[in-house]
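Novice: So I've got this file, data.pdb, and it contains PDB, C-alpha atoms:
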MODEL        1
ATOM      1  CA  MET A   1      12.590   9.229  -3.871
ATOM      2  CA  SER A   2      10.334   9.839  -6.878
ATOM      3  CA  TYR A   3       8.966   7.115  -9.135
ATOM      4  CA  LYS A   4       8.701   7.195 -12.934
ATOM      5  CA  LEU A   5       5.335   5.923 -14.119
ATOM      6  CA  SER A   6       4.878   4.770 -17.702
ATOM      7  CA  PRO A   7       1.315   5.385 -18.969
ATOM      8  CA  SER A   8       1.373   2.186 -21.028
ATOM      9  CA  ASP A   9       1.841   0.117 -17.846
ATOM     10  CA  PHE A  10      -1.540   1.249 -16.515
ATOM     11  CA  GLY A  11      -3.384  -0.798 -19.136
ATOM     12  CA  TYR A  12      -1.835  -4.190 -18.437
ATOM     13  CA  LEU A  13       0.993  -4.581 -15.950
ATOM     14  CA  LEU A  14      -0.569  -2.638 -13.066
ATOM     15  CA  GLY A  15      -3.900  -4.426 -13.316
ATOM     16  CA  ASP A  16      -2.495  -7.848 -14.123
ATOM     17  CA  CYS A  17       0.219  -8.202 -11.481
ATOM     18  CA  LYS A  18       1.149  -5.725  -8.766
ATOM     19  CA  HIS A  19       4.188  -7.838  -7.865
ATOM     20  CA  CYS A  20       5.644  -7.396 -11.363
ATOM     21  CA  TYR A  21       4.587  -3.737 -11.482
ATOM     22  CA  TYR A  22       6.336  -2.988  -8.172
ATOM     23  CA  SER A  23       9.403  -4.926  -9.345
ATOM     24  CA  LYS A  24       9.623  -2.856 -12.530
ATOM     25  CA  VAL A  25       8.952   0.620 -11.135
ATOM     26  CA  LYS A  26      10.703   0.419  -7.762
ATOM     27  CA  LEU A  27      13.318  -2.297  -8.250
ATOM     28  CA  GLY A  28      14.086  -1.722 -11.929
ATOM     29  CA  LEU A  29      13.322  -5.341 -12.873
ATOM     30  CA  ALA A  30      11.427  -5.009 -16.141
ATOM     31  CA  LEU A  31       9.744  -7.968 -17.780
ATOM     32  CA  PRO A  32      11.503  -9.434 -20.845
ATOM     33  CA  SER A  33      10.407  -7.927 -24.157
ATOM     34  CA  MET A  34       8.216 -10.079 -26.376
ATOM     35  CA  PRO A  35       8.451 -10.140 -30.201
ATOM     36  CA  PHE A  36       4.836  -9.568 -31.199
ATOM     37  CA  PRO A  37       4.309  -6.253 -29.358
ATOM     38  CA  GLY A  38       7.351  -4.974 -31.270
ATOM     39  CA  ILE A  39       5.598  -5.799 -34.549
ATOM     40  CA  PHE A  40       2.482  -3.965 -33.399
ATOM     41  CA  ALA A  41       4.603  -0.945 -32.475
ATOM     42  CA  ARG A  42       6.061  -0.942 -35.994
ATOM     43  CA  MET A  43       2.562  -1.021 -37.508
ATOM     44  CA  ASN A  44       1.501   1.790 -35.196
ATOM     45  CA  SER A  45       4.491   3.925 -36.160
ATOM     46  CA  LEU A  46       3.923   3.429 -39.903
ATOM     47  CA  LEU A  47       0.272   4.435 -39.577
ATOM     48  CA  GLN A  48       1.004   7.508 -37.484
ATOM     49  CA  SER A  49       3.744   8.724 -39.828
ATOM     50  CA  HIS A  50       1.336   8.457 -42.747
ATOM     51  CA  ILE A  51      -1.453  10.530 -41.186
ATOM     52  CA  VAL A  52       0.501  13.488 -39.747
ATOM     53  CA  GLY A  53      -1.088  16.654 -41.154
ATOM     54  CA  MET A  54      -4.296  14.867 -42.154
ATOM     55  CA  ASN A  55      -7.798  15.393 -40.841
ATOM     56  CA  MET A  56      -8.874  12.203 -39.067
ATOM     57  CA  ARG A  57     -12.199  12.336 -40.910
ATOM     58  CA  ASN A  58     -10.337  11.860 -44.178
ATOM     59  CA  ILE A  59      -9.381   8.435 -42.814
ATOM     60  CA  HIS A  60     -12.924   7.524 -41.787
ATOM     61  CA  PRO A  61     -16.049   9.732 -41.416
ATOM     62  CA  ASP A  62     -16.757   8.413 -37.906
ATOM     63  CA  LEU A  63     -13.429   9.711 -36.560
ATOM     64  CA  PRO A  64     -13.255  13.144 -34.876
ATOM     65  CA  ASP A  65     -12.816  16.364 -36.876
ATOM     66  CA  VAL A  66      -9.201  17.023 -35.868
ATOM     67  CA  ILE A  67      -5.896  17.621 -37.661
ATOM     68  CA  VAL A  68      -3.023  15.337 -36.646
ATOM     69  CA  GLU A  69      -0.376  17.764 -35.381
ATOM     70  CA  SER A  70       2.430  15.535 -34.099
ATOM     71  CA  GLN A  71       3.224  11.888 -33.412
ATOM     72  CA  GLU A  72       5.149   9.714 -30.966
ATOM     73  CA  GLY A  73       6.520  12.462 -28.753
ATOM     74  CA  TRP A  74       8.061  11.951 -25.335
ATOM     75  CA  LEU A  75       6.420  13.408 -22.251
ATOM     76  CA  LYS A  76       7.775  13.967 -18.765
ATOM     77  CA  SER A  77       5.612  15.584 -16.122
ATOM     78  CA  THR A  78       6.133  17.324 -12.844
ATOM     79  CA  ILE A  79       5.430  15.406  -9.629
ATOM     80  CA  ILE A  80       1.751  14.502  -9.432
ATOM     81  CA  PRO A  81      -0.027  16.114  -6.430
ATOM     82  CA  SER A  82      -0.334  13.999  -3.264
ATOM     83  CA  SER A  83       2.221  11.500  -4.545
ATOM     84  CA  ASP A  84       5.919  10.932  -5.168
ATOM     85  CA  CYS A  85       5.363   9.942  -8.798
ATOM     86  CA  TYR A  86       5.712  11.553 -12.212
ATOM     87  CA  ILE A  87       4.650  10.544 -15.713
ATOM     88  CA  SER A  88       7.226   9.633 -18.346
ATOM     89  CA  GLY A  89       6.348   8.022 -21.646
ATOM     90  CA  ARG A  90       5.569   8.408 -25.318
ATOM     91  CA  PHE A  91       2.174   9.422 -26.683
ATOM     92  CA  ASP A  92       0.821   8.332 -30.081
ATOM     93  CA  ILE A  93      -0.615  11.471 -31.685
ATOM     94  CA  LEU A  94      -1.584  14.989 -30.657
ATOM     95  CA  CYS A  95      -4.336  16.616 -32.708
ATOM     96  CA  ARG A  96      -5.923  20.044 -32.949
ATOM     97  CA  THR A  97      -9.583  20.840 -33.566
ATOM     98  CA  PRO A  98     -10.654  23.578 -36.024
ATOM     99  CA  SER A  99     -11.210  25.859 -32.994
ATOM    100  CA  GLY A 100      -7.657  25.238 -31.739
ATOM    101  CA  GLU A 101      -8.352  22.777 -28.922
ATOM    102  CA  HIS A 102      -5.962  19.861 -28.371
ATOM    103  CA  THR A 103      -6.954  16.195 -28.535
ATOM    104  CA  VAL A 104      -4.622  13.365 -27.531
ATOM    105  CA  ILE A 105      -5.339  10.041 -29.250
ATOM    106  CA  ASP A 106      -3.889   6.594 -28.719
ATOM    107  CA  PHE A 107      -3.955   3.837 -31.344
ATOM    108  CA  LYS A 108      -4.618   0.239 -30.359
ATOM    109  CA  ILE A 109      -4.332  -2.708 -32.750
ATOM    110  CA  ILE A 110      -6.848  -4.821 -30.877
ATOM    111  CA  ASP A 111     -10.355  -6.247 -31.101
ATOM    112  CA  SER A 112     -12.350  -5.505 -27.976
ATOM    113  CA  THR A 113     -15.579  -4.008 -26.679
ATOM    114  CA  GLN A 114     -16.003  -0.335 -25.819
ATOM    115  CA  GLU A 115     -16.410  -1.045 -22.104
ATOM    116  CA  LYS A 116     -13.208  -3.080 -21.885
ATOM    117  CA  ILE A 117     -11.221  -0.570 -23.943
ATOM    118  CA  LEU A 118     -12.213   2.424 -21.830
ATOM    119  CA  GLN A 119     -11.776   0.515 -18.573
ATOM    120  CA  ARG A 120      -8.291  -0.729 -19.484
ATOM    121  CA  TYR A 121      -6.864   2.294 -21.266
ATOM    122  CA  GLY A 122      -8.683   5.323 -19.851
ATOM    123  CA  SER A 123      -6.036   6.009 -17.191
ATOM    124  CA  GLN A 124      -3.312   5.908 -19.860
ATOM    125  CA  LEU A 125      -4.942   8.809 -21.723
ATOM    126  CA  HIS A 126      -5.393  10.754 -18.477
ATOM    127  CA  ALA A 127      -1.673  10.319 -17.797
ATOM    128  CA  TYR A 128      -0.873  11.884 -21.179
ATOM    129  CA  LYS A 129      -3.244  14.741 -20.427
ATOM    130  CA  PHE A 130      -1.575  15.450 -17.083
ATOM    131  CA  ALA A 131       1.896  15.356 -18.647
ATOM    132  CA  PHE A 132       0.913  17.725 -21.464
ATOM    133  CA  GLU A 133      -0.585  20.182 -19.000
ATOM    134  CA  ASN A 134       2.165  19.832 -16.372
ATOM    135  CA  PRO A 135       5.439  19.310 -18.274
ATOM    136  CA  GLN A 136       8.742  19.182 -16.434
ATOM    137  CA  GLU A 137      10.143  21.390 -19.194
ATOM    138  CA  GLY A 138       8.591  23.544 -21.897
ATOM    139  CA  GLU A 139       5.219  25.196 -22.254
ATOM    140  CA  PRO A 140       2.102  23.409 -20.980
ATOM    141  CA  ARG A 141      -0.576  22.477 -23.497
ATOM    142  CA  LYS A 142      -4.185  22.195 -22.433
ATOM    143  CA  VAL A 143      -5.797  18.936 -23.573
ATOM    144  CA  GLN A 144      -9.561  19.281 -23.966
ATOM    145  CA  HIS A 145     -10.322  15.882 -25.501
ATOM    146  CA  MET A 146      -9.002  12.319 -25.261
ATOM    147  CA  GLY A 147      -9.744   9.273 -27.357
ATOM    148  CA  ILE A 148      -8.715   5.819 -28.521
ATOM    149  CA  VAL A 149      -8.716   4.568 -32.120
ATOM    150  CA  THR A 150      -8.823   0.789 -32.487
ATOM    151  CA  LEU A 151      -7.794  -1.155 -35.566
ATOM    152  CA  SER A 152      -8.476  -4.831 -36.135
ATOM    153  CA  PRO A 153      -7.807  -6.596 -39.472
ATOM    154  CA  GLN A 154     -11.095  -7.638 -41.095
ATOM    155  CA  SER A 155      -9.995  -8.937 -44.496
ATOM    156  CA  VAL A 156      -6.912  -9.565 -46.619
ATOM    157  CA  GLU A 157      -6.313  -9.227 -50.356
ATOM    158  CA  ILE A 158      -3.344 -10.645 -52.246
ATOM    159  CA  LYS A 159      -2.447  -8.033 -54.844
ATOM    160  CA  GLU A 160       0.649  -7.822 -57.041
ATOM    161  CA  GLY A 161       2.659 -10.025 -54.731
ATOM    162  CA  ARG A 162       1.580  -8.195 -51.573
ATOM    163  CA  ALA A 163      -0.826  -9.048 -48.789
ATOM    164  CA  VAL A 164      -3.054  -6.022 -48.117
ATOM    165  CA  PHE A 165      -4.985  -6.112 -44.848
ATOM    166  CA  THR A 166      -8.170  -4.060 -44.518
ATOM    167  CA  SER A 167      -9.359  -2.595 -41.225
ATOM    168  CA  GLN A 168     -12.114  -0.161 -40.283
ATOM    169  CA  PRO A 169     -11.009   2.174 -37.473
ATOM    170  CA  GLN A 170     -13.292   2.769 -34.501
ATOM    171  CA  TYR A 171     -13.117   5.785 -32.201
ATOM    172  CA  PHE A 172     -13.836   5.689 -28.463
ATOM    173  CA  GLU A 173     -13.991   8.980 -26.613
ATOM    174  CA  VAL A 174     -12.440   8.990 -23.137
ATOM    175  CA  LYS A 175     -14.469  11.114 -20.726
ATOM    176  CA  GLU A 176     -12.334  13.283 -18.463
ATOM    177  CA  ASP A 177     -12.225  12.292 -14.790
ATOM    178  CA  MET A 178      -9.029  13.668 -13.307
ATOM    179  CA  GLN A 179     -10.155  12.983  -9.736
ATOM    180  CA  GLN A 180     -10.342   9.272 -10.490
ATOM    181  CA  PHE A 181      -6.901   9.498 -12.106
ATOM    182  CA  PHE A 182      -5.449  11.200  -9.020
ATOM    183  CA  ARG A 183      -6.976   8.498  -6.804
ATOM    184  CA  LEU A 184      -5.259   5.874  -8.950
ATOM    185  CA  ILE A 185      -1.920   7.665  -8.593
ATOM    186  CA  GLU A 186      -2.368   7.842  -4.807
ATOM    187  CA  GLU A 187      -2.971   4.071  -4.773
ATOM    188  CA  ILE A 188       0.155   3.503  -6.868
ATOM    189  CA  SER A 189       2.186   5.785  -4.606
ATOM    190  CA  GLY A 190       0.990   3.833  -1.571
ATOM    191  CA  LEU A 191       1.810   0.546  -3.288
ATOM    192  CA  LEU A 192       5.362   1.654  -4.116
ATOM    193  CA  SER A 193       6.017   3.012  -0.630
ATOM    194  CA  GLY A 194       5.213  -0.370   0.901
ATOM    195  CA  VAL A 195       6.811  -3.794   0.736
ATOM    196  CA  LEU A 196       7.003  -5.992  -2.352
ATOM    197  CA  PRO A 197       3.558  -7.553  -2.961
ATOM    198  CA  THR A 198       3.308 -11.317  -3.032
ATOM    199  CA  ALA A 199       3.523 -13.030  -6.405
ATOM    200  CA  THR A 200       0.244 -13.255  -8.311
ATOM    201  CA  SER A 201      -0.996 -16.832  -8.669
ATOM    202  CA  ASN A 202      -2.222 -16.430 -12.263
ATOM    203  CA  CYS A 203       0.739 -14.350 -13.515
ATOM    204  CA  ALA A 204       2.815 -16.272 -16.079
ATOM    205  CA  TRP A 205       6.013 -14.424 -15.157
ATOM    206  CA  CYS A 206       5.541 -15.022 -11.431
ATOM    207  CA  LYS A 207       4.999 -18.733 -12.149
ATOM    208  CA  TYR A 208       8.123 -18.800 -14.314
ATOM    209  CA  LYS A 209      10.287 -17.119 -11.667
ATOM    210  CA  LYS A 210       8.986 -19.517  -9.015
ATOM    211  CA  LEU A 211       9.781 -22.510 -11.220
ATOM    212  CA  VAL A 212      13.324 -21.255 -11.866
ATOM    213  CA  ARG A 213      13.929 -20.739  -8.140
ATOM    214  CA  GLU A 214      12.666 -24.241  -7.341
ATOM    215  CA  GLN A 215      14.888 -25.841  -9.981
ATOM    216  CA  ASN A 216      17.957 -23.986  -8.773
TER     217      ASN A 216
ENDMDL
END
Have the structure of the file written as structure tokens, please.

Specialist:
Amino acid sequence: MSYKLSPSDFGYLLGDCKHCYYSKVKLGLALPSMPFPGIFARMNSLLQSHIVGMNMRNIHPDLPDVIVESQEGWLKSTIIPSSDCYISGRFDILCRTPSGEHTVIDFKIIDSTQEKILQRYGSQLHAYKFAFENPQEGEPRKVQHMGIVTLSPQSVEIKEGRAVFTSQPQYFEVKEDMQQFFRLIEEISGLLSGVLPTATSNCAWCKYKKLVREQN
């Protein structure tokens, strides 16, 4: 049996609760969708649609010198070595440098420090890189650079009946470390091949499920 791994789960679900992660990936029991992440996804999609074909430096001079080539595409990889897992998910944008090298960038509407951003989301970008370079179908594309652009509203202006939020984007380069990524995948593969982990004491969903069971 092979397991489908979503890159976006690496940032939160895997680190926050292995019981819920196992339940989603192996048992097909996904957590209920929440309304606010859907709003953020809409904001992300609007932004990405607007910048396709643009140089990121035209948005802000501190962003990398790359042309946005495509947005929100689906990826599906081959089986990752030394595991029974593959990557399947949607990336934000794929860019190309003036010399023709590819850069995969993920947008985050968050306010956080560089250390926390890279620690939480670095594996997500590595998953995209692996999927681009090892697609289940189609031609592989070598990804030379990875990065994260964060946006956090800093001010608002009411203008002509509209609320206009202002945000200054920040870019965080993700340093390549595929060996660390492969070690993570091996850990995930071992987790999924074992028994269901115990519920996490500080997980809100685990607490909710326990409460429902007790009341029934």

Novice: Determine the residue membership of the PyMOL selection byres ((chain A and resi 90) around 9) for the file above and supply it as a CSV table (one decimal) with C-alpha atoms, in the coordinates of the input.

Specialist:
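Full text of selection-v7.csv as output:
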chain,number,residue,atom,x,y,z
A,6,SER,CA,4.9,4.8,-17.7
A,7,PRO,CA,1.3,5.4,-19.0
A,8,SER,CA,1.4,2.2,-21.0
A,72,GLU,CA,5.1,9.7,-31.0
A,73,GLY,CA,6.5,12.5,-28.8
A,74,TRP,CA,8.1,12.0,-25.3
A,75,LEU,CA,6.4,13.4,-22.3
A,76,LYS,CA,7.8,14.0,-18.8
A,88,SER,CA,7.2,9.6,-18.3
A,89,GLY,CA,6.3,8.0,-21.6
A,91,PHE,CA,2.2,9.4,-26.7
A,92,ASP,CA,0.8,8.3,-30.1
A,128,TYR,CA,-0.9,11.9,-21.2

Novice: Tell me which residues the PyMOL selection byres ((chain A and resi 186) around 10) grabs here, as a PyMOL selection string.

Specialist: chain A and resi 80-85+180-185+187-192

Novice: Write the residues of the selection above to a file with C-alpha atoms, as a compact mmCIF listing (two decimals), in the coordinates of the input.

Specialist:
# COMPACT_ATOMS: atom_id res chain seq x y z
CA ILE A 80 1.75 14.50 -9.43
CA PRO A 81 -0.03 16.11 -6.43
CA SER A 82 -0.33 14.00 -3.26
CA SER A 83 2.22 11.50 -4.54
CA ASP A 84 5.92 10.93 -5.17
CA CYS A 85 5.36 9.94 -8.80
CA GLN A 180 -10.34 9.27 -10.49
CA PHE A 181 -6.90 9.50 -12.11
CA PHE A 182 -5.45 11.20 -9.02
CA ARG A 183 -6.98 8.50 -6.80
CA LEU A 184 -5.26 5.87 -8.95
CA ILE A 185 -1.92 7.66 -8.59
CA GLU A 187 -2.97 4.07 -4.77
CA ILE A 188 0.16 3.50 -6.87
CA SER A 189 2.19 5.78 -4.61
CA GLY A 190 0.99 3.83 -1.57
CA LEU A 191 1.81 0.55 -3.29
CA LEU A 192 5.36 1.65 -4.12

Novice: Can you list, as a tab-separated table (two decimals) with C-alpha atoms, in the frame of the given file, the residues that the PyMOL selection byres ((chain A and resi 136) around 6) selects here?

Specialist:
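Written out: out-v8.tsv:
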chain	number	residue	atom	x	y	z
A	76	LYS	CA	7.78	13.97	-18.76
A	77	SER	CA	5.61	15.58	-16.12
A	78	THR	CA	6.13	17.32	-12.84
A	135	PRO	CA	5.44	19.31	-18.27
A	137	GLU	CA	10.14	21.39	-19.19

Novice: For Gly53 (chain A), find every residue with an atom within 7 Å (counting all atoms listed in the file), except residues of its own chain fewer than 2 positions away, and show them as an MDAnalysis selection string.

Specialist: chainID A and resid 51 55 67:69

Novice: When you count only C-alpha atoms, which of these residues is closest to Thr166 (chain A): A:Ser152, A:Glu115, A:Lys4, A:Glu101?

Specialist: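 Closest candidate: A:Ser152.
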
Novice: Quick one: residues within 8 Å of region 22-27 of chain A, only C-alpha atoms counted, chain neighbours fewer than 2 positions away excluded, as a PyMOL selection string?

Specialist: chain A and resi 3-5+18-20+29-31+191-192+196-197

Novice: Hey, which of A:Ser45, A:Ser112, A:Thr103, A:Gln154 ends up closest to Lys129 (chain A)? Count all atoms listed in the file.

Specialist: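 Closest candidate: A:Thr103.
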
Novice: Excluding Val174 (chain A) and its own-chain neighbours fewer than 6 positions away, which residues fall within 10 Å of it when counting all atoms listed in the file? Please give them as a list in words.

Specialist: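 Final neighbour list, sorted by chain and number: Val104, Ile105, Ile117, Leu118, Gln119, Tyr121, Gly122, Ser123, Leu125, His126, His145, Met146, Gly147 and Ile148 of chain A.
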
Novice: Quick one: residues within 9 Å of region 56-63 of chain A, only C-alpha atoms, excluding same-chain residues fewer than 5 positions away - as an mmCIF file with C-alpha atoms, in the frame of the given file?

Specialist:
data_model
loop_
_atom_site.group_PDB
_atom_site.id
_atom_site.type_symbol
_atom_site.label_atom_id
_atom_site.label_comp_id
_atom_site.auth_asym_id
_atom_site.auth_seq_id
_atom_site.Cartn_x
_atom_site.Cartn_y
_atom_site.Cartn_z
ATOM 1 C CA ILE A 51 -1.453 10.530 -41.186
ATOM 2 C CA VAL A 68 -3.023 15.337 -36.646
ATOM 3 C CA CYS A 95 -4.336 16.616 -32.708
ATOM 4 C CA VAL A 149 -8.716 4.568 -32.120
ATOM 5 C CA GLN A 168 -12.114 -0.161 -40.283
ATOM 6 C CA PRO A 169 -11.009 2.174 -37.473
ATOM 7 C CA GLN A 170 -13.292 2.769 -34.501
ATOM 8 C CA TYR A 171 -13.117 5.785 -32.201
#

Novice: Rounded to one decimal place, report the CA of Ser201 (chain A)-CA of Glu214 (chain A) distance in Å.

Specialist: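 If I compute the distance from CA of Ser201 (chain A) to CA of Glu214 (chain A), I get 15.6 Å.
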
Novice: So how many Å separate CA of Gln144 (chain A) and CA of Ser99 (chain A), to one decimal?

Specialist: 11.3 Å

Novice: Supply region 155-189 of chain A as a CSV table (one decimal), keeping the file's coordinate frame, with N, CA and C atoms built in where the input has gaps.

Specialist:
chain,number,residue,atom,x,y,z
A,155,SER,N,-10.1,-8.2,-43.3
A,155,SER,CA,-10.0,-8.9,-44.5
A,155,SER,C,-8.6,-8.8,-45.0
A,156,VAL,N,-8.2,-9.6,-46.0
A,156,VAL,CA,-6.9,-9.6,-46.6
A,156,VAL,C,-7.1,-9.8,-48.1
A,157,GLU,N,-6.3,-9.1,-48.9
A,157,GLU,CA,-6.3,-9.2,-50.4
A,157,GLU,C,-4.9,-9.4,-50.8
A,158,ILE,N,-4.7,-10.4,-51.6
A,158,ILE,CA,-3.3,-10.6,-52.2
A,158,ILE,C,-3.3,-9.9,-53.6
A,159,LYS,N,-2.5,-8.9,-53.7
A,159,LYS,CA,-2.4,-8.0,-54.8
A,159,LYS,C,-1.0,-7.7,-55.3
A,160,GLU,N,-0.7,-8.1,-56.5
A,160,GLU,CA,0.6,-7.8,-57.0
A,160,GLU,C,1.8,-8.3,-56.1
A,161,GLY,N,1.6,-9.5,-55.6
A,161,GLY,CA,2.7,-10.0,-54.7
A,161,GLY,C,2.7,-9.5,-53.3
A,162,ARG,N,1.6,-8.7,-52.9
A,162,ARG,CA,1.6,-8.2,-51.6
A,162,ARG,C,0.3,-8.6,-50.9
A,163,ALA,N,0.4,-8.8,-49.6
A,163,ALA,CA,-0.8,-9.0,-48.8
A,163,ALA,C,-1.3,-7.7,-48.2
A,164,VAL,N,-2.5,-7.3,-48.6
A,164,VAL,CA,-3.1,-6.0,-48.1
A,164,VAL,C,-4.2,-6.3,-47.1
A,165,PHE,N,-4.0,-5.9,-45.9
A,165,PHE,CA,-5.0,-6.1,-44.8
A,165,PHE,C,-5.9,-4.9,-44.8
A,166,THR,N,-7.2,-5.1,-44.6
A,166,THR,CA,-8.2,-4.1,-44.5
A,166,THR,C,-8.7,-4.0,-43.1
A,167,SER,N,-8.8,-2.8,-42.6
A,167,SER,CA,-9.4,-2.6,-41.2
A,167,SER,C,-10.2,-1.3,-41.2
A,168,GLN,N,-11.3,-1.4,-40.5
A,168,GLN,CA,-12.1,-0.2,-40.3
A,168,GLN,C,-11.9,0.4,-38.9
A,169,PRO,N,-11.3,1.6,-38.8
A,169,PRO,CA,-11.0,2.2,-37.5
A,169,PRO,C,-12.3,2.5,-36.7
A,170,GLN,N,-12.2,2.4,-35.4
A,170,GLN,CA,-13.3,2.8,-34.5
A,170,GLN,C,-12.7,3.8,-33.5
A,171,TYR,N,-13.6,4.8,-33.2
A,171,TYR,CA,-13.1,5.8,-32.2
A,171,TYR,C,-13.9,5.7,-30.9
A,172,PHE,N,-13.2,5.7,-29.8
A,172,PHE,CA,-13.8,5.7,-28.5
A,172,PHE,C,-13.4,6.9,-27.7
A,173,GLU,N,-14.3,7.8,-27.4
A,173,GLU,CA,-14.0,9.0,-26.6
A,173,GLU,C,-13.8,8.6,-25.1
A,174,VAL,N,-12.7,9.2,-24.6
A,174,VAL,CA,-12.4,9.0,-23.1
A,174,VAL,C,-12.9,10.2,-22.4
A,175,LYS,N,-13.9,10.0,-21.5
A,175,LYS,CA,-14.5,11.1,-20.7
A,175,LYS,C,-13.5,11.5,-19.6
A,176,GLU,N,-13.3,12.8,-19.5
A,176,GLU,CA,-12.3,13.3,-18.5
A,176,GLU,C,-12.8,13.0,-17.0
A,177,ASP,N,-12.0,12.5,-16.2
A,177,ASP,CA,-12.2,12.3,-14.8
A,177,ASP,C,-10.9,12.3,-14.1
A,178,MET,N,-10.4,13.5,-13.9
A,178,MET,CA,-9.0,13.7,-13.3
A,178,MET,C,-9.0,13.3,-11.8
A,179,GLN,N,-10.1,13.4,-11.1
A,179,GLN,CA,-10.2,13.0,-9.7
A,179,GLN,C,-9.9,11.5,-9.6
A,180,GLN,N,-10.6,10.7,-10.5
A,180,GLN,CA,-10.3,9.3,-10.5
A,180,GLN,C,-8.9,9.0,-10.8
A,181,PHE,N,-8.3,9.7,-11.8
A,181,PHE,CA,-6.9,9.5,-12.1
A,181,PHE,C,-6.0,9.8,-10.9
A,182,PHE,N,-6.3,10.9,-10.2
A,182,PHE,CA,-5.4,11.2,-9.0
A,182,PHE,C,-5.6,10.1,-7.9
A,183,ARG,N,-6.8,9.6,-7.8
A,183,ARG,CA,-7.0,8.5,-6.8
A,183,ARG,C,-6.1,7.3,-7.2
A,184,LEU,N,-6.1,7.0,-8.5
A,184,LEU,CA,-5.3,5.9,-9.0
A,184,LEU,C,-3.8,6.1,-8.6
A,185,ILE,N,-3.3,7.3,-8.9
A,185,ILE,CA,-1.9,7.7,-8.6
A,185,ILE,C,-1.6,7.6,-7.1
A,186,GLU,N,-2.6,8.0,-6.3
A,186,GLU,CA,-2.4,7.8,-4.8
A,186,GLU,C,-2.2,6.4,-4.4
A,187,GLU,N,-3.1,5.5,-5.0
A,187,GLU,CA,-3.0,4.1,-4.8
A,187,GLU,C,-1.6,3.5,-5.2
A,188,ILE,N,-1.1,4.0,-6.4
A,188,ILE,CA,0.2,3.5,-6.9
A,188,ILE,C,1.3,4.0,-6.0
A,189,SER,N,1.2,5.2,-5.5
A,189,SER,CA,2.2,5.8,-4.6
A,189,SER,C,2.2,5.0,-3.3
